[in-house]
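Below is upload.cif, which holds mmCIF, C-alpha atoms and all ligand atoms.
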```cif
data_my_file
loop_
_atom_site.label_atom_id
_atom_site.label_comp_id
_atom_site.auth_asym_id
_atom_site.auth_seq_id
_atom_site.Cartn_x
_atom_site.Cartn_y
_atom_site.Cartn_z
CA MET A 153 91.74 76.22 110.22
CA ILE A 154 92.25 77.39 106.66
CA LYS A 155 95.87 78.43 106.20
CA ARG A 156 97.60 80.58 103.64
CA ILE A 157 98.92 78.91 100.50
CA LYS A 158 102.52 77.70 100.56
CA GLY A 159 104.89 80.34 99.18
CA THR A 160 102.63 83.29 100.06
CA ASN A 161 102.92 85.72 102.95
CA ASP A 162 100.65 87.82 105.13
CA ILE A 163 102.21 91.22 105.67
CA ILE A 164 101.10 92.29 109.13
CA GLU A 165 103.63 93.54 111.69
CA ASP A 166 105.99 94.96 109.09
CA SER A 167 103.39 96.54 106.81
CA TYR A 168 104.70 99.93 107.94
CA VAL A 169 108.14 98.99 106.50
CA TRP A 170 106.49 98.13 103.17
CA GLU A 171 104.73 101.50 103.18
CA TRP A 172 108.02 103.23 103.92
CA VAL A 173 109.80 101.35 101.11
CA GLU A 174 106.97 102.00 98.64
CA ARG A 175 106.96 105.69 99.44
CA LYS A 176 110.72 105.91 98.89
CA LEU A 177 110.46 104.00 95.59
CA ILE A 178 107.68 106.26 94.31
CA ASP A 179 109.71 109.28 95.31
CA VAL A 180 112.90 108.17 93.50
CA SER A 181 110.95 107.07 90.40
CA LYS A 182 109.34 110.49 90.15
CA ARG A 183 112.68 112.23 90.61
CA PHE A 184 113.93 110.22 87.61
CA GLY A 185 110.88 111.29 85.58
CA PHE A 186 109.00 107.97 85.69
CA SER A 187 105.24 107.81 86.23
CA GLU A 188 103.23 104.92 87.55
CA ILE A 189 101.39 102.34 85.48
CA ARG A 190 99.00 99.79 87.03
CA THR A 191 98.16 96.81 84.86
CA PRO A 192 95.85 93.87 85.63
CA ILE A 193 97.13 90.98 87.73
CA PHE A 194 95.96 88.44 85.15
CA GLU A 195 96.42 88.54 81.42
CA ALA A 196 95.87 86.30 78.38
CA THR A 197 98.32 83.37 78.69
CA GLU A 198 99.49 84.07 75.14
CA LEU A 199 101.02 87.38 76.30
CA PHE A 200 103.59 85.68 78.51
CA LYS A 201 104.22 82.85 76.05
CA ARG A 202 105.06 85.41 73.38
CA GLY A 203 106.63 87.98 75.68
CA VAL A 204 108.69 85.96 78.15
CA GLY A 205 109.34 83.10 75.70
CA THR A 206 108.03 79.53 75.43
CA ASP A 207 111.43 77.99 76.25
CA THR A 208 111.94 79.81 79.53
CA ASP A 209 111.55 78.18 82.96
CA ILE A 210 108.81 80.70 83.70
CA VAL A 211 106.59 79.61 80.81
CA GLN A 212 107.59 75.94 80.92
CA LYS A 213 107.14 75.34 84.62
CA GLU A 214 106.17 78.31 86.71
CA MET A 215 103.01 79.98 85.46
CA TYR A 216 99.71 79.97 87.33
CA THR A 217 97.52 79.34 84.30
CA PHE A 218 93.80 78.62 84.47
CA GLU A 219 90.72 78.62 82.32
CA ASP A 220 88.03 81.12 83.28
CA LYS A 221 84.31 80.45 83.05
CA GLY A 222 84.31 81.76 79.48
CA GLY A 223 86.89 79.17 78.43
CA ARG A 224 89.76 81.69 78.07
CA SER A 225 93.26 80.71 79.13
CA LEU A 226 94.44 83.28 81.67
CA THR A 227 97.68 83.55 83.64
CA LEU A 228 98.54 85.36 86.87
CA ARG A 229 101.36 87.67 85.80
CA PRO A 230 104.79 86.13 86.50
CA GLU A 231 106.50 89.49 85.80
CA GLY A 232 105.57 93.03 84.82
CA THR A 233 107.39 93.87 81.59
CA ALA A 234 105.15 91.94 79.18
CA SER A 235 102.04 93.58 80.68
CA VAL A 236 103.53 97.06 80.50
CA MET A 237 104.45 96.56 76.87
CA ARG A 238 101.02 95.12 76.08
CA ALA A 239 99.51 98.28 77.58
CA PHE A 240 101.99 100.44 75.62
CA VAL A 241 100.85 98.88 72.34
CA GLU A 242 97.15 98.70 73.25
CA HIS A 243 96.95 102.38 74.22
CA SER A 244 99.34 103.59 71.45
CA LEU A 245 101.45 105.28 74.11
CA ASP A 246 104.08 106.04 71.46
CA SER A 247 101.72 108.73 70.16
CA LYS A 248 102.21 110.61 73.44
CA GLY A 249 105.92 110.95 72.65
CA LEU A 250 109.02 108.89 73.36
CA PRO A 251 110.55 107.85 75.59
CA GLN A 252 107.74 106.67 77.84
CA LYS A 253 109.09 106.14 81.35
CA LEU A 254 106.86 103.94 83.47
CA PHE A 255 107.22 102.28 86.86
CA TYR A 256 105.07 99.73 88.68
CA MET A 257 104.78 97.86 91.94
CA GLY A 258 102.74 94.85 92.85
CA PRO A 259 102.37 91.11 93.27
CA MET A 260 103.78 88.60 90.74
CA PHE A 261 103.21 84.85 90.72
CA ARG A 262 105.60 82.02 89.92
CA TYR A 263 105.24 78.36 90.83
CA GLU A 264 108.77 77.99 92.20
CA LYS A 265 110.07 75.95 95.11
CA PRO A 266 109.62 78.29 98.09
CA GLN A 267 112.69 79.10 100.16
CA ALA A 268 114.17 82.17 101.87
CA GLY A 269 113.77 85.05 99.41
CA ARG A 270 111.80 82.94 96.93
CA LEU A 271 108.02 82.92 97.04
CA ARG A 272 105.13 81.93 94.82
CA GLN A 273 103.43 85.28 95.33
CA PHE A 274 106.14 87.91 95.57
CA HIS A 275 106.26 91.63 94.89
CA GLN A 276 108.26 93.58 92.37
CA TYR A 277 109.04 97.21 91.85
CA GLY A 278 110.00 97.73 88.22
CA ALA A 279 110.74 100.50 85.75
CA GLU A 280 110.68 100.50 81.95
CA LEU A 281 112.20 103.15 79.70
CA ILE A 282 110.45 102.64 76.37
CA GLY A 283 111.60 104.00 73.01
CA SER A 284 115.35 104.59 73.14
CA ALA A 285 118.07 102.39 71.63
CA ARG A 286 120.83 104.54 73.05
CA PRO A 287 123.29 103.44 75.75
CA GLU A 288 122.27 106.50 77.79
CA ALA A 289 118.91 104.81 78.34
CA ASP A 290 120.56 101.61 79.63
CA VAL A 291 122.70 103.63 81.99
CA MET A 292 119.87 105.81 83.33
CA VAL A 293 117.88 102.68 84.10
CA MET A 294 120.84 101.15 85.94
CA ALA A 295 121.37 104.45 87.75
CA LEU A 296 117.73 104.34 88.89
CA ALA A 297 118.13 100.76 90.11
CA VAL A 298 121.22 101.68 92.11
CA GLU A 299 119.63 104.87 93.46
CA THR A 300 116.53 103.01 94.71
CA LEU A 301 118.74 100.75 96.83
CA LYS A 302 120.81 103.69 98.05
CA VAL A 303 117.83 105.75 99.21
CA LEU A 304 116.69 102.76 101.23
CA GLY A 305 120.03 102.89 103.00
CA LEU A 306 121.41 99.65 101.51
CA LYS A 307 125.13 99.38 100.89
CA ASN A 308 126.13 95.75 100.39
CA PHE A 309 125.14 95.33 96.78
CA LYS A 310 126.94 94.92 93.50
CA LEU A 311 125.91 95.81 89.94
CA LYS A 312 126.93 93.14 87.42
CA ILE A 313 126.57 93.75 83.70
CA ASN A 314 126.91 91.77 80.49
CA SER A 315 125.78 91.90 76.87
CA THR A 316 123.78 89.09 75.31
CA GLY A 317 124.32 90.42 71.79
CA CYS A 318 121.66 90.56 69.10
CA GLU A 319 120.02 88.29 66.54
CA LYS A 320 123.07 88.80 64.33
CA CYS A 321 125.85 87.77 66.72
CA ARG A 322 124.08 85.59 69.28
CA PRO A 323 123.61 82.54 66.98
CA ASN A 324 127.40 82.25 66.51
CA TYR A 325 127.88 82.35 70.24
CA LYS A 326 125.18 79.74 70.81
CA GLU A 327 126.96 77.46 68.33
CA ALA A 328 130.23 77.90 70.21
CA LEU A 329 128.47 77.10 73.49
CA LYS A 330 126.92 73.97 72.00
CA GLU A 331 130.34 72.81 70.86
CA TYR A 332 131.77 73.43 74.31
CA TYR A 333 128.98 71.75 76.28
CA LYS A 334 128.48 68.76 73.92
CA PRO A 335 131.09 66.49 75.53
CA LEU A 336 129.94 67.61 79.02
CA LEU A 337 126.29 66.80 78.38
CA PRO A 338 126.14 63.52 80.37
CA LYS A 339 127.57 65.29 83.43
CA LEU A 340 125.05 68.17 83.42
CA CYS A 341 122.00 68.34 85.69
CA ASN A 342 118.63 67.22 84.27
CA ASP A 343 117.45 70.79 83.75
CA CYS A 344 120.55 71.70 81.78
CA GLN A 345 120.25 68.61 79.60
CA VAL A 346 116.85 69.93 78.50
CA ARG A 347 118.12 73.51 78.24
CA TYR A 348 120.98 72.38 75.97
CA ASP A 349 118.54 72.18 73.06
CA ARG A 350 115.96 74.71 74.19
CA ASN A 351 117.88 77.55 75.81
CA ILE A 352 121.61 76.93 75.76
CA LEU A 353 122.49 80.34 77.29
CA ARG A 354 120.86 79.32 80.58
CA LEU A 355 123.56 76.69 81.12
CA LEU A 356 125.82 79.57 82.07
CA ASP A 357 123.80 80.68 85.09
CA CYS A 358 122.87 77.23 86.45
CA LYS A 359 124.07 77.06 90.05
CA LYS A 360 124.51 73.26 89.93
CA ASP A 361 126.72 73.29 86.85
CA ALA A 362 128.64 76.48 87.68
CA GLN A 363 131.99 74.63 87.53
CA TYR A 364 131.60 74.10 83.76
CA ALA A 365 130.57 77.69 83.04
CA LYS A 366 133.98 78.95 84.20
CA ASP A 367 135.76 77.73 81.05
CA ALA A 368 132.90 78.26 78.61
CA PRO A 369 133.32 80.64 75.66
CA VAL A 370 132.53 84.23 76.64
CA ILE A 371 129.82 86.09 74.75
CA LEU A 372 131.75 89.35 74.78
CA ASP A 373 134.26 87.72 72.37
CA TYR A 374 131.44 87.04 69.91
CA LEU A 375 129.66 90.42 69.83
CA CYS A 376 129.17 92.06 66.43
CA ASP A 377 130.65 95.55 65.94
CA GLU A 378 127.39 97.34 66.77
CA CYS A 379 126.77 95.35 69.98
CA LYS A 380 130.38 95.78 71.02
CA ALA A 381 130.21 99.55 70.46
CA HIS A 382 126.97 99.70 72.45
CA PHE A 383 128.45 97.77 75.36
CA ASP A 384 131.64 99.85 75.34
CA LYS A 385 129.55 103.03 75.49
CA VAL A 386 127.47 101.67 78.38
CA ARG A 387 130.69 100.99 80.29
CA GLU A 388 132.11 104.40 79.42
CA LEU A 389 128.96 106.14 80.70
CA LEU A 390 128.87 104.08 83.90
CA ASP A 391 132.47 105.12 84.50
CA ALA A 392 131.62 108.76 83.78
CA LEU A 393 128.75 108.62 86.29
CA GLU A 394 130.98 106.86 88.81
CA ILE A 395 128.56 103.97 89.11
CA GLU A 396 130.50 100.93 90.27
CA TYR A 397 129.99 97.73 88.31
CA GLU A 398 131.55 94.45 87.37
CA VAL A 399 131.41 92.73 83.98
CA ASP A 400 130.08 89.21 84.51
CA PRO A 401 129.81 87.15 81.31
CA THR A 402 127.69 84.47 83.03
CA ILE A 403 124.73 86.85 83.38
CA VAL A 404 122.25 85.76 80.72
CA ARG A 405 118.90 86.25 82.55
CA GLY A 406 115.98 83.85 82.56
CA LEU A 407 113.66 85.64 80.14
CA ASP A 408 113.90 85.42 76.35
CA TYR A 409 113.20 89.04 75.44
CA TYR A 410 116.64 90.45 76.22
CA THR A 411 118.96 91.92 73.59
CA ARG A 412 122.36 93.50 74.24
CA THR A 413 122.71 94.87 77.80
CA VAL A 414 121.66 92.69 80.73
CA PHE A 415 122.36 93.35 84.38
CA GLU A 416 121.76 92.07 87.87
CA ILE A 417 122.22 93.56 91.27
CA THR A 418 123.22 91.05 93.92
CA SER A 419 123.33 91.60 97.64
CA THR A 420 125.75 89.95 100.02
CA ALA A 421 123.05 90.32 102.70
CA LEU A 422 120.98 87.68 100.89
CA GLY A 423 121.57 83.92 100.86
CA ALA A 424 121.35 81.61 97.83
CA GLN A 425 118.74 83.86 96.22
CA ASP A 426 121.09 86.82 96.07
CA ALA A 427 119.65 88.72 93.07
CA ILE A 428 117.86 91.74 94.47
CA ALA A 429 117.17 93.20 91.01
CA GLY A 430 117.61 92.28 87.37
CA GLY A 431 116.94 93.78 84.00
CA GLY A 432 118.22 94.72 80.61
CA ARG A 433 117.45 95.85 77.10
CA TYR A 434 114.64 94.27 75.11
CA ASP A 435 114.54 95.83 71.65
CA HIS A 436 112.03 93.50 69.97
CA LEU A 437 109.33 92.90 72.58
CA VAL A 438 106.99 95.59 71.28
CA GLU A 439 107.14 94.13 67.75
CA GLU A 440 106.59 90.66 69.20
CA LEU A 441 103.37 92.03 70.71
CA GLY A 442 102.20 93.61 67.47
CA GLY A 443 103.56 97.15 67.83
CA LYS A 444 106.13 99.15 65.88
CA PRO A 445 109.85 98.51 66.54
CA THR A 446 110.45 100.24 69.90
CA PRO A 447 113.80 99.59 71.59
CA SER A 448 113.44 99.60 75.38
CA VAL A 449 115.24 98.84 78.60
CA GLY A 450 114.12 98.23 82.18
CA PHE A 451 114.56 96.31 85.39
CA ALA A 452 112.63 94.87 88.32
CA MET A 453 113.49 94.49 91.97
CA GLY A 454 112.24 91.83 94.36
CA MET A 455 110.62 93.64 97.28
CA GLU A 456 110.76 90.66 99.68
CA ARG A 457 114.50 90.50 98.99
CA VAL A 458 114.78 94.22 99.67
CA MET A 459 113.08 93.57 103.05
CA ILE A 460 115.58 90.81 103.88
CA ALA A 461 118.51 93.05 102.91
CA LEU A 462 117.13 95.94 105.02
CA GLU A 463 116.83 93.62 108.00
CA LYS A 464 120.33 92.13 107.54
CA GLU A 465 121.90 95.56 107.12
CA GLY A 466 120.04 96.96 110.14
CA LYS A 467 118.18 99.54 108.07
CA ILE A 468 114.57 98.85 109.10
CA PRO A 469 113.07 102.16 110.28
CA GLN A 470 111.33 102.36 113.62
CA LYS A 471 107.59 102.19 113.63
CA GLU A 472 105.97 105.59 113.91
CA PRO A 473 104.21 105.62 117.32
CA PRO A 474 101.26 107.90 118.11
CA SER A 475 102.37 111.47 118.75
CA VAL A 476 99.67 111.81 121.34
CA TYR A 477 97.32 109.55 123.29
CA VAL A 478 94.19 111.24 124.60
CA VAL A 479 93.19 110.01 128.08
CA ALA A 480 89.69 110.56 129.53
CA VAL A 481 89.75 110.87 133.33
CA ASP A 482 86.24 109.44 133.72
CA GLU A 483 83.18 108.36 131.73
CA LYS A 484 81.77 111.89 131.58
CA GLN A 485 84.85 113.16 129.72
CA ARG A 486 84.88 110.46 127.03
CA PRO A 487 82.89 112.40 124.38
CA HIS A 488 85.20 115.38 124.86
CA ALA A 489 88.28 113.13 124.64
CA LEU A 490 87.01 111.58 121.39
CA LYS A 491 86.29 115.03 119.97
CA LEU A 492 89.79 116.22 120.79
CA ALA A 493 91.30 113.04 119.34
CA LEU A 494 89.40 113.62 116.09
CA GLU A 495 90.51 117.22 115.90
CA LEU A 496 94.16 116.29 116.54
CA SER A 497 94.04 113.44 114.01
CA GLU A 498 93.56 115.99 111.25
CA GLU A 499 97.27 116.69 111.68
CA PHE A 500 98.90 114.12 113.95
CA VAL A 501 99.05 110.41 114.69
CA VAL A 502 96.58 110.06 117.57
CA ASP A 503 95.20 107.26 119.70
CA VAL A 504 92.31 107.24 122.14
CA ASP A 505 90.72 104.51 124.24
CA VAL A 506 87.63 102.77 122.83
CA MET A 507 87.74 99.78 125.21
CA GLY A 508 86.21 101.49 128.26
CA ARG A 509 89.52 101.29 130.16
CA LYS A 510 89.96 103.16 133.44
CA MET A 511 92.35 106.13 133.49
CA LYS A 512 95.30 104.11 134.86
CA ALA A 513 94.87 101.44 132.19
CA GLN A 514 94.67 104.14 129.52
CA PHE A 515 98.04 105.50 130.67
CA LYS A 516 99.45 101.97 130.63
CA ASN A 517 98.19 101.47 127.10
CA ALA A 518 99.62 104.83 126.00
CA SER A 519 103.05 103.80 127.19
CA LYS A 520 102.70 100.31 125.67
CA CYS A 521 102.07 101.75 122.22
CA GLY A 522 104.98 104.15 122.61
CA ALA A 523 102.97 107.41 122.49
CA HIS A 524 105.24 110.43 122.83
CA HIS A 525 102.67 112.41 124.80
CA VAL A 526 99.47 111.98 126.77
CA LEU A 527 96.78 114.62 126.76
CA VAL A 528 94.57 114.34 129.85
CA VAL A 529 90.92 115.33 129.65
CA GLY A 530 89.30 115.83 133.09
CA GLU A 531 86.52 118.05 134.36
CA GLU A 532 88.93 120.80 135.32
CA GLU A 533 90.61 120.70 131.90
CA VAL A 534 87.30 120.95 130.05
CA GLU A 535 86.23 123.94 132.17
CA SER A 536 89.51 125.84 131.90
CA ASN A 537 90.40 124.80 128.33
CA LEU A 538 93.89 124.10 129.68
CA TYR A 539 94.86 120.46 129.16
CA THR A 540 97.41 118.45 131.10
CA PHE A 541 100.03 117.52 128.50
CA LYS A 542 102.48 114.88 129.63
CA ASN A 543 105.78 114.08 127.93
CA MET A 544 106.06 110.30 128.20
CA LYS A 545 109.82 110.30 127.67
CA ASP A 546 110.84 112.45 130.64
CA GLY A 547 107.58 112.34 132.63
CA SER A 548 107.26 116.15 132.75
CA GLN A 549 103.79 117.64 132.48
CA ILE A 550 102.32 121.04 131.97
CA LYS A 551 98.86 122.58 131.52
CA MET A 552 98.34 124.47 128.31
CA PRO A 553 95.71 125.37 125.69
CA LEU A 554 95.19 123.09 122.70
CA SER A 555 96.75 125.64 120.32
CA GLU A 556 100.06 125.46 122.27
CA ILE A 557 99.93 121.67 122.35
CA LYS A 558 99.54 121.62 118.58
CA LYS A 559 102.59 123.85 118.19
CA ILE A 560 104.74 121.44 120.20
CA LEU A 561 103.43 118.44 118.24
CA ARG A 562 104.06 120.22 114.94
CA LYS A 563 107.65 120.96 115.87
CA GLU A 564 108.28 117.36 116.93
CA GLU A 565 106.70 115.98 113.78
CA CYS A 566 108.87 118.29 111.73
CA ASP A 567 112.03 117.11 113.52
CA SER A 568 111.24 113.43 113.01
CA ASN A 569 110.11 113.70 109.39
CA TYR A 570 113.60 113.29 107.98
CA GLN A 571 113.34 109.54 108.61
CA TRP A 572 109.97 109.10 106.99
CA HIS A 573 110.02 111.27 103.92
P1 LIG B 1 113.53 88.68 87.09
O1 LIG B 1 115.02 88.59 87.21
O2 LIG B 1 112.81 87.43 86.75
O3 LIG B 1 113.24 89.81 86.02
O4 LIG B 1 112.93 89.25 88.43
C1 LIG B 1 113.41 90.47 88.99
C2 LIG B 1 113.61 90.31 90.48
O5 LIG B 1 112.40 89.82 91.09
C3 LIG B 1 114.67 89.28 90.88
O6 LIG B 1 115.96 89.85 90.84
C4 LIG B 1 114.25 88.96 92.31
O7 LIG B 1 114.72 89.95 93.19
C5 LIG B 1 112.73 89.04 92.24
N1 LIG B 1 112.13 87.70 92.13
C6 LIG B 1 112.00 86.94 91.04
N2 LIG B 1 111.39 85.77 91.33
C7 LIG B 1 111.12 85.79 92.65
C8 LIG B 1 110.50 84.89 93.57
N3 LIG B 1 109.98 83.73 93.18
N4 LIG B 1 110.38 85.26 94.87
C9 LIG B 1 110.88 86.45 95.29
N5 LIG B 1 111.47 87.34 94.47
C10 LIG B 1 111.60 87.03 93.17
C11 LIG B 1 111.99 90.20 85.63
O8 LIG B 1 110.98 89.87 86.18
C12 LIG B 1 112.01 91.18 84.49
N6 LIG B 1 110.61 91.55 84.17
C13 LIG B 1 112.82 92.40 84.84
C14 LIG B 1 112.84 93.41 83.75
C15 LIG B 1 112.10 94.54 83.68
N7 LIG B 1 113.59 93.38 82.66
C16 LIG B 1 113.33 94.43 81.91
N8 LIG B 1 112.42 95.14 82.50
#
```
If you took the structure in this file and wrote it as structure tokens, what would it be?
Amino acid sequence: MIKRIKGTNDIIEDSYVWEWVERKLIDVSKRFGFSEIRTPIFEATELFKRGVGTDTDIVQKEMYTFEDKGGRSLTLRPEGTASVMRAFVEHSLDSKGLPQKLFYMGPMFRYEKPQAGRLRQFHQYGAELIGSARPEADVMVMALAVETLKVLGLKNFKLKINSTGCEKCRPNYKEALKEYYKPLLPKLCNDCQVRYDRNILRLLDCKKDAQYAKDAPVILDYLCDECKAHFDKVRELLDALEIEYEVDPTIVRGLDYYTRTVFEITSTALGAQDAIAGGGRYDHLVEELGGKPTPSVGFAMGMERVMIALEKEGKIPQKEPPSVYVVAVDEKQRPHALKLALELSEEFVVDVDVMGRKMKAQFKNASKCGAHHVLVVGEEEVESNLYTFKNMKDGSQIKMPLSEIKKILRKEECDSNYQWH
């Protein structure tokens, strides 16, 4: 038997939950004025090297890179931001006016060690607000991230923010970090020993060496006046909007493009992989990709982690069962039953037997799939145009014309829609 690749998932039984989540995410994004962008799943490898950064774990260790038959080096996208910005530059989206507010959903690929909440093919929902340097943009993006979790019914999450400064103030901070970590170097894990030279900021968010990060210099003490003013304004606006947050100076993020504000949302419903979303400001990525200076900010959310949180918090919606199951009393009535099922399916969720089951077995199947009602099609019903309509919850049944049946189904659908839309 050929099996799925390690670190990938088949979404089968819970695909309806994914659809529900996706619908909610699209809805919130639109309410915040974002429109969807769909970019290719593979891109030129150079895009991620330049965008995400050659010294990051993603580019160093985690990319699915391959040569195609034309000898080009291609990479399955490990994240969405670089692709969105490539598209922004390629299609001169700035000419359509700024800011551009784009969201996306889809699979991402990273060669990481699979564990609960960490896959090699995972899915992200992300949003990018392109073209504003102002703190209002940072805060609206964070507000969107928080709102997406709220509309899904999640409660046990925390927004953590930090500033990683800019090209002016960050070098001083990096120097201070190097000083601090130098005597500790022999005690650090292998990864951090390499990161010391390549990407010193990442030492702060290493889980293995967390004990040393506690006493490390704090970036907020090293911010230049402009970065400090920006961060203060972000905090002021979050307070004004009553969005709860915590300042966490160890948040540095694993991608190189960030400048100033960075944030993560963690969930206590998750285990070791507790980041449900992460993002921040990236003011130089567009230039890095050959465009004009275009300050931007965005975030992405791990959809598998959202699923785990929904499950842990008991927020998985019930599967929508058929509203009505059409039962044919005998062989002669089958064409009529199919015709009715087709007509009803223009408006409602309908099921009808296609396995040649006898009437009793059809009823059994209707109750197994949780159908709210059964519509019985027998000779008498076809002649009189009055159908036996059975309520499967209380067992009551009544004969009525199709138009009346539709009215009842419409009312029920209307009452249950609050959960689905
Ligand atoms: P990231 O922090 O690398 O940021 O990923 C965002 C979210 O994707 C994480 O918080 C996590 O929920 C999920 N995630 C990441 N890796 C995995 C994995 N291997 N398995 C399951 N879930 C995972 C970015 O990707 C940036 N592009 C976010 C961004 C957008 N920044 C600005 N704009």
Please report, as a tab-separated table, each residue of chain A lying at most 7 Å from ligand LIG 1 (chain B), together with the nearest pair of atoms and the separation in Å rounded to one decimal; use only C-alpha atoms and all ligand atoms, and order rows by chain and ascending residue number.
```
residue	atom	partner	partner_atom	distance
A:Glu231	CA	B:LIG1	O8	4.5
A:Gly232	CA	B:LIG1	N6	5.3
A:Thr233	CA	B:LIG1	N6	4.7
A:Arg262	CA	B:LIG1	N3	5.7
A:Glu264	CA	B:LIG1	N3	5.9
A:Gly269	CA	B:LIG1	C9	5.2
A:Arg270	CA	B:LIG1	N4	3.4
A:Leu271	CA	B:LIG1	N4	4.0
A:Arg272	CA	B:LIG1	N3	5.4
A:Gln273	CA	B:LIG1	N4	7.0
A:Phe274	CA	B:LIG1	C9	5.0
A:His275	CA	B:LIG1	N5	6.8
A:Gln276	CA	B:LIG1	O5	5.7
A:Gly278	CA	B:LIG1	C15	5.9
A:Ala279	CA	B:LIG1	C15	6.5
A:Glu280	CA	B:LIG1	N8	5.7
A:Arg405	CA	B:LIG1	O1	6.5
A:Gly406	CA	B:LIG1	O2	6.4
A:Leu407	CA	B:LIG1	O2	6.9
A:Glu416	CA	B:LIG1	O6	6.9
A:Ala427	CA	B:LIG1	O6	4.5
A:Ile428	CA	B:LIG1	O7	3.8
A:Ala429	CA	B:LIG1	O6	3.6
A:Gly430	CA	B:LIG1	O1	4.5
A:Gly431	CA	B:LIG1	N7	3.6
A:Gly432	CA	B:LIG1	C16	5.1
A:Arg433	CA	B:LIG1	C16	6.5
A:Tyr434	CA	B:LIG1	C16	6.9
A:Val449	CA	B:LIG1	C16	5.8
A:Gly450	CA	B:LIG1	N8	3.5
A:Phe451	CA	B:LIG1	C15	3.5
A:Ala452	CA	B:LIG1	C13	4.3
A:Met453	CA	B:LIG1	C2	4.4
A:Gly454	CA	B:LIG1	O7	3.3
A:Met455	CA	B:LIG1	O7	6.9
A:Glu456	CA	B:LIG1	C9	6.1
A:Arg457	CA	B:LIG1	O7	5.8
```
Could you write out the selected residues, including C-alpha atoms, as a short mmCIF file (atom, residue, chain, number, x, y, z; two decimals), keeping the file's coordinate frame?
```
data_model
loop_
_atom_site.label_atom_id
_atom_site.label_comp_id
_atom_site.auth_asym_id
_atom_site.auth_seq_id
_atom_site.Cartn_x
_atom_site.Cartn_y
_atom_site.Cartn_z
CA GLU A 231 106.50 89.49 85.80
CA GLY A 232 105.57 93.03 84.82
CA THR A 233 107.39 93.87 81.59
CA ARG A 262 105.60 82.02 89.92
CA GLU A 264 108.77 77.99 92.20
CA GLY A 269 113.77 85.05 99.41
CA ARG A 270 111.80 82.94 96.93
CA LEU A 271 108.02 82.92 97.04
CA ARG A 272 105.13 81.93 94.82
CA GLN A 273 103.43 85.28 95.33
CA PHE A 274 106.14 87.91 95.57
CA HIS A 275 106.26 91.63 94.89
CA GLN A 276 108.26 93.58 92.37
CA GLY A 278 110.00 97.73 88.22
CA ALA A 279 110.74 100.50 85.75
CA GLU A 280 110.68 100.50 81.95
CA ARG A 405 118.90 86.25 82.55
CA GLY A 406 115.98 83.85 82.56
CA LEU A 407 113.66 85.64 80.14
CA GLU A 416 121.76 92.07 87.87
CA ALA A 427 119.65 88.72 93.07
CA ILE A 428 117.86 91.74 94.47
CA ALA A 429 117.17 93.20 91.01
CA GLY A 430 117.61 92.28 87.37
CA GLY A 431 116.94 93.78 84.00
CA GLY A 432 118.22 94.72 80.61
CA ARG A 433 117.45 95.85 77.10
CA TYR A 434 114.64 94.27 75.11
CA VAL A 449 115.24 98.84 78.60
CA GLY A 450 114.12 98.23 82.18
CA PHE A 451 114.56 96.31 85.39
CA ALA A 452 112.63 94.87 88.32
CA MET A 453 113.49 94.49 91.97
CA GLY A 454 112.24 91.83 94.36
CA MET A 455 110.62 93.64 97.28
CA GLU A 456 110.76 90.66 99.68
CA ARG A 457 114.50 90.50 98.99
#
```
Hey, can you check how far atom CA of A:Leu372 sits from atom CA of A:Thr402?
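So the answer is 10.4 Å.
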Which distance in Å separates atom CA of A:Arg350 and atom CA of A:Leu199, to one decimal?
19.7 Å
Excluding stretch 176-190 of chain A and any residue of its chain fewer than 5 positions from it, enumerate the residues within 7 Å of it, using only C-alpha atoms, and give them as an MDAnalysis selection string.
chainID A and resid 253:256 300
Can I get the residues of stretch 305-407 of chain A within 12 Å of stretch 466-479 of chain A, each with the closest pair of atoms and their distance in Å to one decimal, using only C-alpha atoms, sorted chain first then ascending number, as a tab-separated table?
```
residue	atom	partner	partner_atom	distance
A:Gly305	CA	A:Lys467	CA	6.4
A:Leu306	CA	A:Lys467	CA	7.3
A:Lys307	CA	A:Lys467	CA	10.0
A:Asn308	CA	A:Gly466	CA	11.6
```
Exercise: A:Thr540 partners within 6 Å, all atoms listed in the file, chain neighbours under 6 positions left out, as a PyMOL selection string
chain A and resi 527-528+550-551
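Each of A:Pro487, A:Gly522, A:Pro230, A:Pro401 was compared to A:Val501 using all atoms listed in the file, and A:Gly522 turns out to be the nearest.
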How many Å lie between atom CA of A:Val169 and atom CA of A:Asp426, rounded to one decimal?
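Straight-line distance from atom CA of A:Val169 to atom CA of A:Asp426 works out to 20.6 Å.
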Please report, as lines of an AutoDock Vina configuration file, the centre and edge lengths in Å to one decimal of an axis-aligned box covering all listed atoms of stretch 484-487 of chain A with 3 Å per side.
```
center_x = 83.3
center_y = 111.8
center_z = 128.0
size_x = 9.1
size_y = 8.7
size_z = 13.2
```
Shortest interatomic distance to A:Phe515 - which of A:Cys358, A:Val481, A:Ala493, A:Ala421, counting only C-alpha atoms:
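Among the listed residues, the smallest separation from A:Phe515 belongs to A:Val481.
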Considering all atoms listed in the file, state which residue in the set A:Lys155, A:His382, A:Lys366, A:His525 is at the smallest distance from A:Asp290.
A:His382
From the list A:Arg412, A:Lys385, A:Arg354, A:Lys221, which residue is nearest A:Thr316 when using all atoms listed in the file?
A:Arg412
So which residues fall inside 10 Å of (95.8, 92.2, 77.7) if we count all atoms listed in the file? Mind giving them as a ChimeraX atom specification?
/A:191-192,194-199,226,234-239,241-242
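With distances restricted to only C-alpha atoms, A:Lys302 is the closest residue to A:Val458 from A:Arg322, A:Lys265, A:Lys302, A:Lys563.
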